[in-house]
Each structure stands twice: as C-alpha cells, then as structure tokens.
Amino acid sequence: MVSHFLSVLFILTHHIPLGRPCTADGVFLPPGAPPTLPPPKSTHDWSPYHNDVEFATAEFTFKQRHMSNVAADTLFYFMAALLAKHNDNPPFADHKDLHKVIDTTQLGDVPWQGFSVKYSGERPENVRSWMDDEYDVWYRDPCMMAQNILVNPTYKEEINYTPFREYDAADDTRRWKDFMSGDWAWQQAVSYFMYLYFYLTSHQDEISKDPNTHGSTFVPIILSSDKTTVSVGTGNNEYYPLYASIGNVHNNVWRAHRDALVIIGFLTIPKSTCQNIHCYCFI
C-alpha cells in the first residue's frame with residue numbers, strides 16, 4: 001500500500017498475519033477451517049430463572065427501571081397478595097431473592113467483585129472524618145468482559161480482528177470510520193518501512209516483536225467514566241460508574257446499545273465538607 005504526502009513516500013506492509021481463527025484454547029485453525037461453534041441452548045432454558053416470566057421481571061425491575069430495594073419489595077408484596085388466592089407465588093419473594101438469582105446468572109455476564117480502600121497518608125492534628133471512612137470499589141474482570149464481547153455472535157459482521165487502512169479507489173483519499181481504521185491501532189500491530197529522501201528507517205512495535213503474539217488479534221480496551229452518580233439500589237452511597245468496551249466493534253454497535261459498552265466498575269465518591277475540596281490530600 002502506497003500513499004504520497006509532501007514528497008514523502010510511505011510503504012506500509014503487514015509482515016505478520018493477524019487475527020487468525022483459533023479454538024477456544026487458542027490453537028490456530030488450518031486455513032479455511034470453520035470455527036468451532038458453542039453448543040446451542042434450548043429456547044426453553046431460562047436458567048437460573050425458572051421461566052421467561054422470572055427473567056422478564058428481573059430485567060424490568062433491575063435493568064430497565066433500576067428499581068430501588070424498597071420499591072421492588074413493595075411490588076413483590078402486591079404481586080404476592082394478588083396471587084395468594086390462586087395458591088401461587090410472585091416471581092421473587094423480595095429484592096434479596098431477586099439479587100440472589102441475578103448474581104448466579106453465568107451466561108453472557110461477569111460476576112461482580114469488591115474491595116475496600118481507606119486513606120493511609122499523613123494525618124493532621126484535626127483529622128477529617130473522611131480519613132477514617134472506608135470506601136467500596138466494585139468491579140468486574142475486564143478480560144472476561146472483552147471475551148464476552150468477542151464471542152458474541154451478533155457482532156460477527158460488525159467487528160474487525162485486524163487494524164486496517166481504507167482508501168477511496170478513485171483518488172486514494174484516506175478514509176477513517178471505526179476505531180481499528182485509525183493510525184494508533186495500525187501502529188500497535190504492524191511493521192513498516194519508511195523512505196524519507198532516500199534514507200531508510202524501520203519501525204516494529206512491541207506486539208510484532210513477540211513471536212508468541214503472531215497471528216493473534218489485537219484487542220484495545222477503551223475505558224470511560226462520567227460524573228453521573230449512581231445511588232438507586234445502593235442505599236445512600238454514590239458511585240462514579242466506569243464503562244469499558246473494545247476497539248474492535250464498529251461504531252454503530254456502540255451507539256445501538258447492544259451490550260458492547262458495559263459497566264465494569266463503581267467507584268465510591270468520598271463525602272466531605274466544602275472546606276476540604278481544595279485539600280491536596282483529599283484530592
């Protein structure tokens with residue numbers, strides 16, 4: 001591939017194949033061999049939920065409406081009162097029962113883990129209250145999150161396994177669209193030679209230097225956060241949500257809310273008075 005820019009000639013070549021199909025254990029498949037598909041799941045299997053009604057109730061209360069614990073308990077209480085005359089029970093007894101079933105969901109989800117942190121720096125004579133408090137950090141394994149996105153069959157036509165550069169065939173104009181079409185992704189996974197006024201230089205990134213990565217897929221992890229606080233369902237605690245995705249999926253997948261952008265962490269917001277806002281140890 002050749003492009004011209006200010007009398008400088010760049011010759012960019014892929015010396016090492018990337019994104020080769022492989023098994024779940026990382027063994028490369030022979031050329032042309034189809035990938036191994038996961039075993040199909042029965043359309044009637046809603047485990048760990050007993051049926052589709054339980055699943056729909058959990059999705060509605062927890063995911064769609066972000067219902068608080070008190071509101072969920074009230075809803076299930078009314079449902080129990082209505083179903084009692086039919087000798088039946090609501091999908092869940094209370095919010096604890098709901099959360100217990102959600103936490104056992106394995107397929108397509110990553111379990112939450114948590115730990116606590118506490119201020120360990122110098123302590124002034126007038127100790128601030130926030131210095132004695134413990135703050136929870138909740139997170140999900142980002143590697144498992146990336147794996148779930150990669151194996152999602154709904155993205156098979158909207159995902160790039162290798163960096164690429166796209167040009168208009170009419171006039172060789174460079175076009176950028178998705179993350180893997182950018183210069184940064186290209187420079188992470190390819191080698192190239194550059195001729196500059198008859199002086200030859202070469203560049204080889206760290207990925208292609210390692211023979212163990214040859215044929216592998218480059219998966220960039222993208223993290224983001226915002227100032228939106230999450231307090232529903234967590235009591236009086238407030239958190240900064242931490243979002244993650246991979247650069248391989250196309251931009252339209254991110255915008256379509258198709259689980260390519262997921263929450264992998266909640267960072268506790270320490271509470272203090274206004275006078276501590278500009279304190280270097282608080283910041």
# chains A, B, ... in the order shown; residues from 1 in each chain; ligands from 1
call {"tool": "select_by_dssp", "arguments": {"residues": "segment 11-237 of chain A", "states": "strand (DSSP E)", "output": "count of residues only"}}
result
36
call {"tool": "select_by_dssp", "arguments": {"residues": "segment 61-262 of chain A", "states": "helix (DSSP H, G or I)", "output": "VMD selection string"}}
result
chain A and resid 61 to 64 69 to 86 95 to 103 129 to 131 142 to 150 153 to 155 179 to 181 183 to 189 206 to 209 211 to 213 251 to 255
call {"tool": "closest_residue", "arguments": {"among": "A:Ala185, A:Val151, A:Leu37, A:Val253", "to": "Phe164 of chain A", "atoms": "only C-alpha atoms"}}
result
A:Ala185
call {"tool": "residues_around", "arguments": {"residues": "segment 53-62 of chain A", "least_positions_apart": "2", "cutoff": "12 Å", "atoms": "only C-alpha atoms", "output": "JSON, numbers by chain"}}
result
{"A": [44, 45, 46, 47, 48, 49, 50, 51, 64, 65, 66, 67, 68, 69, 70, 71, 72, 73, 74, 75, 76, 79, 89, 90, 91, 92, 93, 94, 95, 96, 97, 98, 99, 100, 101, 102, 103, 105, 232, 233]}
call {"tool": "residues_around", "arguments": {"residues": "Ile264 of chain A", "least_positions_apart": "2", "cutoff": "9 Å", "atoms": "only C-alpha atoms", "output": "PyMOL selection string"}}
result
chain A and resi 110+112+138-142+145+241-244+262+266
